[in-house]
Each structure stands twice: as structure tokens, then as C-alpha cells.
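J.: Attaching a single structure in C-alpha cells format; questions to follow.
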Amino acid sequence: MTNENEDANSSNQEQPSSAPLQTFSTQAIEPWILPLQKTWATNSIITINVLIFLVMVLDGGFETIWKPNSELLVKWQLDWGPLTLDGEPWRLLTSTFIHIGIIHLGCNMAVLSRIGATCELLYGRAKFLTIYLLSGIAASVCSLMIHADSGSAGASGAICGLIGAYAGFILMHQKEIEPKIFKESMKQTAVYLAVCVIFGASVHADQAAHAGGLVAGLALGATMAPTNNTDRAIRLRDTFGTIALIGLIVLVFTLEVNGAFDRSGMLALSKANNALNRDKDIAKAIELIESPQAAQNNSLYANQFRAALYLESKQFKKAKQAVEKLLKQAPDNPSVLQLAMEVAFIDRDYPKAIEITNKGVETTREPAKAAYFAFTNYLASRRLGVKDAAETLKSCKEKLSVQDWAYKVASYLDGSMNENAFEAAAQNNDQKTEVQFYTAMMKLFEGETAEAKRRFEWVVKNGPINFMEYHYSVEELANLNAGKIDGIE
């Protein structure tokens with residue numbers, strides 16, 4: 001009897017790893033007794049995950065070994081709704097191979113080394129890989145359904161799929177497995193799930209992804225569970241089960257792309273941001289920002305984005321309406337005041353610009369930011385014919401370091417730095433844009449309209465289009481070409 005058992009075990013060990021085990025011995029279903037040399041696919045997945053993590057750390061710097069920053073994770077294809085649902089669907093899969101720190105990686109790979117090896121032996125290499133990859137994608141899709149505006153990464157969703165497949169195998173073959181082994185195997189499944197849930201809760205992991213992966217794995221595992229019956233009906237069961245899950249994943253993902261689960265409107269806002277900054281399509285951005293999904297979001301961020309977008313598209317009436325909402329929401333917020341200042345100044349509502357800039361100088365704690373309120377205050381005052389308008393400017397200048405760029409701008413405007421020195425101080429295109437704009441304004445005040453026009457043209461040609469200076473220059477050039485010079489004494 002002993003020899004027969006040994007022969008049976010020996011035949012199990014010699015079976016190729018690419019084919020599922022056809023007998024259900026203790027060795028086949030207990031994850032702690034495994035011939036690891038057979039689990040080529042599991043070992044390869046672990047190796048890929050580790051190598052990707054190491055290269056990502058090399059890219060981001062050693063400090064990212066504990067917690068990579070969001071920019072690095074997005075670069076390495078994190079599953080993030082604003083990108084995944086806006087033209088980059090591959091992130092559903094790539095995100096399952098990146099990890100948020102070495103602890104995250106270590107815990108996932110430790111569990112994968114056991115449950116992965118077990119499932120690879122039970123299902124065979126091809127089915128194992130199908131279950132792992134589809135469970136990972138299903139986990140990513142479920143994550144987007146619950147919180148599309150958050151990022152998700154890691155192999156845990158796919159691992160939960162393997163746990164589900166393991167449970168599915170045990171349940172499908174309950175009658176063929178000894179009661180003691182069945183009980184121990186279900187306990188092991190519970191342990192795996194507990195590790196995922198408890199560890200996940202402790203680090204605020206994506207439980208929606210865990211649930212999605214688990215359900216997908218359970219369904220695939222039950223459908224693909226190997227049997228000694230190899231007739232056509234069983235083969236069709238495997239195929240149709242896989243196709244059905246793929247179809248469900250595609251359906252849910254399509255609904256997500258079209259905003260069916262965008263309850264807050266944040267996804268529509270993110271897509272509008274992509275259209276503006278990534279695709280340079282301002283018309284598409286406006287279409288998205290005015291969609292029903294985006295309209296339901298009246299957060300501070302949403303209204304700031306609306307105001308900035310309308311300002312950039314020269315829809316000043318809509319920009320002013322958005323700014324009015326912002327000033328009611330956060331009347332002392334420096335960012336709101338800056339946006340309100342830009343809208344008022346570009347729209348040539350100089351009294352309003354002076355009112356806002358006075359408040360901005362009073363409420364803004366950062367000297368450099370306060371200085372820009374003072375610069376606009378000075379220009380708006382000069383536009384209204386106030387000759388001695390540098391008092392606020394000088395008080396702000398006193399709080400700046402002589403090394404600050406804002407100090408140099410203030411020095412030029414108050415007359416303590418000449419034009420040549422000001423131009424020589426500019427080190428980059430942003431600073432050169434400000435030099436050309438402020439010198440153009442001063443030339444305008446001095447009646448040198450031809451030179452002012454030349455400098456405004458430089459700003460329009462070379463300046464960043466999201467700068468207030470750019471938009472004001474566009475409007476000023478239109479006035480100069482029409483022979484209008486408003487507010488010049």
C-alpha cells in the first residue's frame with residue numbers, strides 16, 4: 001500500500017507543469033507541499049514584478065523604495081481613472097505589475113509564491129495565466145467603478161483572483177477530496193483572504209479591486225476547474241466562460257468610459273483637464289466642462305478650472321460668472337483672488353482689479369505671491385490715470401529678498417532698476433515673458449506705442465498661453481491695431 005502511494009505521488013511530480021493535475025491528492029491542493037520547479041509561470045510573474053519595481057526605484061531615486069510619489073507611479077502606468085478612461089486602457093493591466101513601496105511588493109509576492117504555485121499546478125500554466133491576468137484586469141475595472149479619481153496599483157487584485165480560483169477548484173471537486181483535506185483547504189483560503197483584507201485595511205488598500213479580482217477568479221476557477229472528462233462540452237465550457245467574463249469586463253469598462261459611474265463629476269473634469277493640457281484641444285475641454293456630469297460638481301477645484309478655462313478661451317462673461325461663485329465659496333483664498341484679479345484685469349475692469357489686488361496683498365502670506373498682486377495693482381492704477389501708484393508696490397518689495405525674481409520686477413516698476421538690467425536678469429522664458437510685458441506696459445504709459453506694440457507681439461508669439469500677460473497682450477494688441485489706447489494719461 002505504501003509503495004502504491006509513493007508511485008502515485010511520483011507520477012504526480014513527473015507530470016509536466018503546463019498540464020493540470022488530473023488526480024486530487026494532498027500534494028495537489030495543499031499549498032505548503034509543492035515542487036516549486038514546476039511553477040515556471042508563477043516564478044516568472046514574481047520575477048517580472050520585482051524587476052519592474054527595481055527599475056522604477058532606479059528611475060525615481062532610492063527614497064521611492066518605501067513610497068513612490070504619484071508622478072512616478074503615473075509615469076509607470078498606474079491605473080488612474082483620468083488617464084485609463086481617457087485613451088490609456090492598457091493601464092488596467094500594467095498597473096498590476098507595479099507596487100507602492102517595497103512592503104507592498106514583499107507582501108504581495110509572498111502570498112503569490114504560495115497561492116500562485118498551487119493554482120498553476122491545479123489548472124496548468126495556460127489556464128493559470130488566463131485566470132491571473134483576467135482577474136487583475138477585472139480588479140482594475142472594479143476599482144474604477146468605485147473611485148475613478150483615485151489611483152490603484154499592485155498585484156493584489158490578481159492574487160485575490162487566484163484565491164477565488166483556488167476556492168472554486170475545491171468547491172467543484174468537493175466530492176472527490178477527503179473531508180479533512182477539504183476542510184484544511186477552505187481554512188487556507190480563509191487565511192489568504194484575511195491577509196488581503198486585514199493588510200489592505202491597515203494600509204488603506206483598494207478593497208474594491210480585491211473584491212473584483214476575487215469574484216472574477218472564483219467564476220473563472222469554477223468554470224475552468226480541470227476534470228478527467230475531456231469531451232467537447234467541457235472544452236466549450238472553458239471557452240465560453242472566459243469569453244463571458246471578457247465581455248462583462250468590456251461592458252463595464254465601456255460604461256465607465258462614458259461616465260455611467262461618475263457620480264461626482266470629477267472624471268469629466270479630469271477628462272477636460274486632459275483635453276486642455278495633454279491634447280491642446282480647448283473646444284473639447286469646454287464641451288466636457290459643460291457636460292451634465294461635470295455640471296454637478298461645484299467644488300472649489302471645479303469652479304477654479306471653469307474660470308481658468310473660460311479665461312483661456314476668451315469667454316470673459318462665463319469666466320466672470322465662475323469667479324463670482326469662487327469669491328462666494330472662498331473669498332480669502334489666494335488662488336481664487338489671483339484668478340479673480342486676472343479676469344478683472346484682462347477684462348479691463350480696473351477698479352475691480354484694484355479692489356481684488358488690495359485684498360490679495362492683505363491676505364496672502366507668501367511675499368512673492370503678494371508682490372504679483374501689487375504689480376497688477378500698480379498697472380491697474382496707472383491705467384486709471386493714477387501717477388503715484390507705487391506705494392503698495394514698495395511695501396511689498398520690502399518683504400522680498402534681493403535674490404527673488406519678484407524683487408527685480410518690483411525694482412523695475414518702481415524705477416530703481418533700469419530696462420537693460422531688468423532684461424539681463426531674466427533667466428528663462430517665463431521671466432523673459434514678464435520682462436517683455438512689463439516693459440511694454442511702461443512704454444505704453446510713456447507714449448511709446450510702437451515699441452509697446454513690438455513687445456506685446458513678442459509676448460503673444462513666445463509667452464505661455466496660460467499667463468495673464470499673454471491674454472492681456474492679445475487684447476492690447478487688438479486695441480493698438482484699432483487705434484485705441486485706454487486709460488493713458
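Labels used: A, B, ... for chains in the order of the C-alpha cells, numbers from 1 for residues in each chain, and numbers from 1 for ligands as shown.
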Please, which residues in stretch 363-399 of chain A fall within 12 Å of stretch 430-452 of chain A when counting only C-alpha atoms, and what is the closest atom pair and distance in Å to one decimal for each, ordered by chain then residue number, as a tab-separated table?

T.:
```
residue	atom	partner	partner_atom	distance
A:Tyr372	CA	A:Glu434	CA	11.1
A:Phe375	CA	A:Tyr438	CA	9.2
A:Thr376	CA	A:Tyr438	CA	10.1
A:Tyr378	CA	A:Met441	CA	10.8
A:Leu379	CA	A:Met441	CA	7.7
A:Ala380	CA	A:Met441	CA	10.5
A:Ser381	CA	A:Phe445	CA	11.4
A:Arg382	CA	A:Phe445	CA	7.7
A:Arg383	CA	A:Phe445	CA	8.2
A:Leu384	CA	A:Phe445	CA	11.0
A:Gly385	CA	A:Phe445	CA	9.4
A:Val386	CA	A:Phe445	CA	11.0
A:Lys387	CA	A:Phe445	CA	9.8
```

J.: Would you please extract all strand (DSSP E or B) residues from stretch 19-196 of chain A, as assigned by DSSP on the backbone, and give them as a list in words?

T.: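 The residues of stretch 19-196 of chain A classed as strand (DSSP E or B) are Asp79, Trp80, Gly151 and Ser152 of chain A.
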
J.: Write the residues you've just listed into a file as a PDB file, in the first residue's frame, and include N, CA, C and O atoms for each of them.

T.:
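As written to disk, part.pdb reads:
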```pdb
ATOM      1  N   ASP A  79      -2.999  52.627 -12.563  1.00  0.00           N
ATOM      2  CA  ASP A  79      -4.396  52.643 -13.001  1.00  0.00           C
ATOM      3  C   ASP A  79      -5.060  53.869 -12.392  1.00  0.00           C
ATOM      4  O   ASP A  79      -5.477  53.854 -11.235  1.00  0.00           O
ATOM      5  N   TRP A  80      -5.142  54.939 -13.168  1.00  0.00           N
ATOM      6  CA  TRP A  80      -5.715  56.198 -12.695  1.00  0.00           C
ATOM      7  C   TRP A  80      -6.806  56.617 -13.655  1.00  0.00           C
ATOM      8  O   TRP A  80      -6.564  56.814 -14.855  1.00  0.00           O
ATOM      9  N   GLY A 151      -5.914  56.592  -7.696  1.00  0.00           N
ATOM     10  CA  GLY A 151      -5.000  55.683  -8.363  1.00  0.00           C
ATOM     11  C   GLY A 151      -4.988  54.315  -7.709  1.00  0.00           C
ATOM     12  O   GLY A 151      -5.250  54.176  -6.517  1.00  0.00           O
ATOM     13  N   SER A 152      -4.716  53.288  -8.503  1.00  0.00           N
ATOM     14  CA  SER A 152      -4.661  51.920  -7.979  1.00  0.00           C
ATOM     15  C   SER A 152      -3.499  51.187  -8.631  1.00  0.00           C
ATOM     16  O   SER A 152      -3.258  51.329  -9.833  1.00  0.00           O
TER      17      SER A 152
END
```

J.: From the list A:Ala340, A:Ala225, A:Leu327, A:Ala406, which residue is nearest A:Glu366 when using only C-alpha atoms?

T.: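 Smallest distance to A:Glu366 is found for A:Ala406.
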
J.: With distances taken over only C-alpha atoms, which of A:Ile65, A:Val141, A:Ala353, A:Val215 is nearest to A:Ile98?

T.: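 Selected residue with least distance to A:Ile98: A:Ile65.
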
J.: Report the residues of stretch 168-340 of chain A whose backbone DSSP state falls under alpha helix (DSSP H), written as a PyMOL selection string.

T.: chain A and resi 168-172+179-202+207-224+232-257+266-277+282-289+292-295+300-312+316-329+334-340

J.: Could you give me, as JSON lines, every stretch 244-328 of chain A residue with an atom at most 10 Å from stretch 466-474 of chain A, plus its closest atom pair and distance in Å to one decimal, counting only C-alpha atoms, rows ordered by chain then number?

T.:
```
{"residue": "A:Ala308", "atom": "CA", "partner": "A:Asn466", "partner_atom": "CA", "distance": 8.4}
{"residue": "A:Leu309", "atom": "CA", "partner": "A:Asn466", "partner_atom": "CA", "distance": 9.3}
{"residue": "A:Leu311", "atom": "CA", "partner": "A:His471", "partner_atom": "CA", "distance": 8.4}
{"residue": "A:Glu312", "atom": "CA", "partner": "A:Asn466", "partner_atom": "CA", "distance": 6.6}
{"residue": "A:Ser313", "atom": "CA", "partner": "A:His471", "partner_atom": "CA", "distance": 9.5}
{"residue": "A:Lys314", "atom": "CA", "partner": "A:His471", "partner_atom": "CA", "distance": 8.1}
```

J.: Keeping all heavy atoms, export the residues of the selection given above as a short mmCIF file (atom, residue, chain, number, x, y, z; two decimals), in the first residue's frame.

T.:
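Result saved to again.cif:
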```
data_model
loop_
_atom_site.label_atom_id
_atom_site.label_comp_id
_atom_site.auth_asym_id
_atom_site.auth_seq_id
_atom_site.Cartn_x
_atom_site.Cartn_y
_atom_site.Cartn_z
N ALA A 308 -10.65 79.37 -15.17
CA ALA A 308 -9.39 79.41 -15.92
C ALA A 308 -9.60 79.00 -17.38
O ALA A 308 -9.01 79.58 -18.30
CB ALA A 308 -8.37 78.48 -15.27
N LEU A 309 -10.46 78.01 -17.60
CA LEU A 309 -10.72 77.54 -18.96
C LEU A 309 -11.46 78.59 -19.77
O LEU A 309 -11.11 78.86 -20.93
CB LEU A 309 -11.54 76.25 -18.90
CG LEU A 309 -11.83 75.55 -20.23
CD1 LEU A 309 -10.54 75.22 -20.96
CD2 LEU A 309 -12.64 74.28 -19.98
N LEU A 311 -11.42 81.74 -19.21
CA LEU A 311 -10.48 82.85 -19.40
C LEU A 311 -9.56 82.56 -20.58
O LEU A 311 -9.33 83.42 -21.43
CB LEU A 311 -9.66 83.05 -18.12
CG LEU A 311 -8.60 84.14 -18.14
CD1 LEU A 311 -9.26 85.51 -18.38
CD2 LEU A 311 -7.83 84.16 -16.83
N GLU A 312 -9.04 81.34 -20.64
CA GLU A 312 -8.12 80.98 -21.71
C GLU A 312 -8.81 80.98 -23.07
O GLU A 312 -8.18 81.28 -24.09
CB GLU A 312 -7.51 79.60 -21.44
CG GLU A 312 -6.38 79.23 -22.36
CD GLU A 312 -5.49 78.15 -21.81
OE1 GLU A 312 -5.38 78.04 -20.58
OE2 GLU A 312 -4.92 77.41 -22.62
N SER A 313 -10.10 80.67 -23.08
CA SER A 313 -10.85 80.65 -24.35
C SER A 313 -11.48 82.00 -24.66
O SER A 313 -12.28 82.12 -25.60
CB SER A 313 -11.92 79.57 -24.32
OG SER A 313 -12.86 79.82 -23.27
N LYS A 314 -11.16 83.01 -23.83
CA LYS A 314 -11.63 84.39 -24.02
C LYS A 314 -13.14 84.54 -23.86
O LYS A 314 -13.74 85.46 -24.42
CB LYS A 314 -11.18 84.93 -25.38
CG LYS A 314 -9.68 84.89 -25.59
CD LYS A 314 -9.31 85.37 -26.97
CE LYS A 314 -7.82 85.19 -27.22
NZ LYS A 314 -7.42 85.57 -28.58
#
```

J.: What does the structure give for the distance between atom CA of A:Tyr412 and atom CA of A:Ala370, in Å to one decimal?

T.: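 It comes out at 16.7 Å.
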
J.: Contacts of A:Asp262 at 10 Å or less, counting only C-alpha atoms, minus same-chain residues fewer than 2 places along, as a compact mmCIF listing (two decimals) with all heavy atoms, in the first residue's frame?

T.:
```
# COMPACT_ATOMS: atom_id res chain seq x y z
N LEU A 144 -12.06 51.23 -10.68
CA LEU A 144 -12.51 52.44 -11.37
C LEU A 144 -14.00 52.68 -11.18
O LEU A 144 -14.45 53.83 -11.16
CB LEU A 144 -12.21 52.33 -12.86
CG LEU A 144 -10.73 52.33 -13.26
CD1 LEU A 144 -10.59 52.08 -14.76
CD2 LEU A 144 -10.07 53.65 -12.89
N MET A 145 -14.77 51.62 -11.02
CA MET A 145 -16.20 51.77 -10.82
C MET A 145 -16.51 52.50 -9.51
O MET A 145 -17.45 53.29 -9.42
CB MET A 145 -16.87 50.39 -10.80
CG MET A 145 -18.40 50.44 -10.77
SD MET A 145 -19.14 48.81 -10.50
CE MET A 145 -18.48 47.91 -11.90
N ILE A 146 -15.69 52.26 -8.50
CA ILE A 146 -15.95 52.83 -7.17
C ILE A 146 -15.29 54.19 -7.00
O ILE A 146 -15.88 55.12 -6.46
CB ILE A 146 -15.47 51.87 -6.07
CG1 ILE A 146 -16.16 50.50 -6.24
CG2 ILE A 146 -15.77 52.44 -4.70
CD1 ILE A 146 -17.67 50.54 -6.20
N HIS A 147 -14.04 54.30 -7.42
CA HIS A 147 -13.34 55.59 -7.25
C HIS A 147 -12.40 55.84 -8.42
O HIS A 147 -11.19 55.63 -8.33
CB HIS A 147 -12.58 55.63 -5.92
CG HIS A 147 -11.96 54.32 -5.52
ND1 HIS A 147 -10.89 53.77 -6.18
CD2 HIS A 147 -12.27 53.47 -4.53
CE1 HIS A 147 -10.55 52.63 -5.60
NE2 HIS A 147 -11.37 52.42 -4.60
N ALA A 148 -13.00 56.34 -9.51
CA ALA A 148 -12.23 56.57 -10.74
C ALA A 148 -11.21 57.68 -10.60
O ALA A 148 -10.26 57.75 -11.37
CB ALA A 148 -13.18 56.88 -11.89
N ASP A 149 -11.40 58.56 -9.61
CA ASP A 149 -10.48 59.69 -9.48
C ASP A 149 -9.29 59.37 -8.58
O ASP A 149 -8.47 60.25 -8.30
CB ASP A 149 -11.21 60.92 -8.93
CG ASP A 149 -11.94 60.63 -7.63
OD1 ASP A 149 -12.23 59.45 -7.35
OD2 ASP A 149 -12.24 61.58 -6.89
N LEU A 255 -19.00 51.39 -20.01
CA LEU A 255 -19.90 52.24 -19.21
C LEU A 255 -19.09 53.25 -18.40
O LEU A 255 -19.48 54.42 -18.28
CB LEU A 255 -20.75 51.37 -18.28
CG LEU A 255 -21.83 50.50 -18.96
CD1 LEU A 255 -22.45 49.56 -17.93
CD2 LEU A 255 -22.90 51.37 -19.60
N GLU A 256 -17.96 52.81 -17.86
CA GLU A 256 -17.10 53.71 -17.09
C GLU A 256 -16.54 54.83 -17.97
O GLU A 256 -16.52 56.00 -17.56
CB GLU A 256 -15.95 52.92 -16.45
CG GLU A 256 -16.40 52.00 -15.33
CD GLU A 256 -15.27 51.11 -14.82
OE1 GLU A 256 -14.24 50.99 -15.52
OE2 GLU A 256 -15.43 50.54 -13.74
N VAL A 257 -16.10 54.46 -19.16
CA VAL A 257 -15.54 55.45 -20.08
C VAL A 257 -16.58 56.53 -20.40
O VAL A 257 -16.25 57.71 -20.52
CB VAL A 257 -15.05 54.78 -21.38
CG1 VAL A 257 -14.75 55.82 -22.46
CG2 VAL A 257 -13.81 53.94 -21.10
N ASN A 258 -17.84 56.11 -20.50
CA ASN A 258 -18.91 57.04 -20.84
C ASN A 258 -19.54 57.72 -19.62
O ASN A 258 -20.58 58.37 -19.74
CB ASN A 258 -19.99 56.32 -21.65
CG ASN A 258 -19.52 55.99 -23.06
OD1 ASN A 258 -19.44 56.85 -23.92
ND2 ASN A 258 -19.17 54.73 -23.29
N GLY A 259 -18.90 57.57 -18.46
CA GLY A 259 -19.31 58.32 -17.28
C GLY A 259 -20.49 57.76 -16.52
O GLY A 259 -21.10 58.47 -15.71
N ALA A 260 -20.84 56.49 -16.75
CA ALA A 260 -22.02 55.92 -16.08
C ALA A 260 -21.86 55.88 -14.57
O ALA A 260 -22.86 55.94 -13.84
CB ALA A 260 -22.27 54.51 -16.62
N SER A 264 -19.67 62.04 -9.04
CA SER A 264 -19.25 63.36 -8.55
C SER A 264 -18.93 64.35 -9.66
O SER A 264 -18.77 65.53 -9.41
CB SER A 264 -18.01 63.21 -7.66
OG SER A 264 -16.89 62.80 -8.44
N GLY A 265 -18.84 63.85 -10.89
CA GLY A 265 -18.44 64.72 -11.99
C GLY A 265 -16.94 64.94 -12.08
O GLY A 265 -16.46 65.62 -12.98
N MET A 266 -16.18 64.32 -11.16
CA MET A 266 -14.74 64.53 -11.14
C MET A 266 -14.06 63.92 -12.36
O MET A 266 -13.08 64.48 -12.88
CB MET A 266 -14.14 63.94 -9.86
CG MET A 266 -12.66 64.25 -9.66
SD MET A 266 -12.30 66.03 -9.68
CE MET A 266 -13.01 66.49 -8.09
N LEU A 267 -14.57 62.80 -12.85
CA LEU A 267 -13.97 62.18 -14.03
C LEU A 267 -14.11 63.09 -15.25
O LEU A 267 -13.17 63.26 -16.03
CB LEU A 267 -14.60 60.82 -14.30
CG LEU A 267 -14.08 60.08 -15.53
CD1 LEU A 267 -12.59 59.81 -15.41
CD2 LEU A 267 -14.84 58.78 -15.74
N ALA A 268 -15.29 63.69 -15.41
CA ALA A 268 -15.49 64.61 -16.54
C ALA A 268 -14.56 65.80 -16.44
O ALA A 268 -14.01 66.26 -17.45
CB ALA A 268 -16.95 65.08 -16.56
N GLN A 293 -22.39 65.65 -16.50
CA GLN A 293 -21.59 65.04 -15.42
C GLN A 293 -20.76 66.09 -14.69
O GLN A 293 -20.72 66.14 -13.46
CB GLN A 293 -20.67 63.94 -15.97
CG GLN A 293 -21.39 62.71 -16.45
CD GLN A 293 -21.80 62.80 -17.90
OE1 GLN A 293 -21.67 63.85 -18.54
NE2 GLN A 293 -22.31 61.71 -18.45
N ALA A 294 -20.08 66.95 -15.46
CA ALA A 294 -19.23 67.97 -14.85
C ALA A 294 -20.06 69.04 -14.16
O ALA A 294 -19.64 69.61 -13.14
CB ALA A 294 -18.32 68.60 -15.90
```
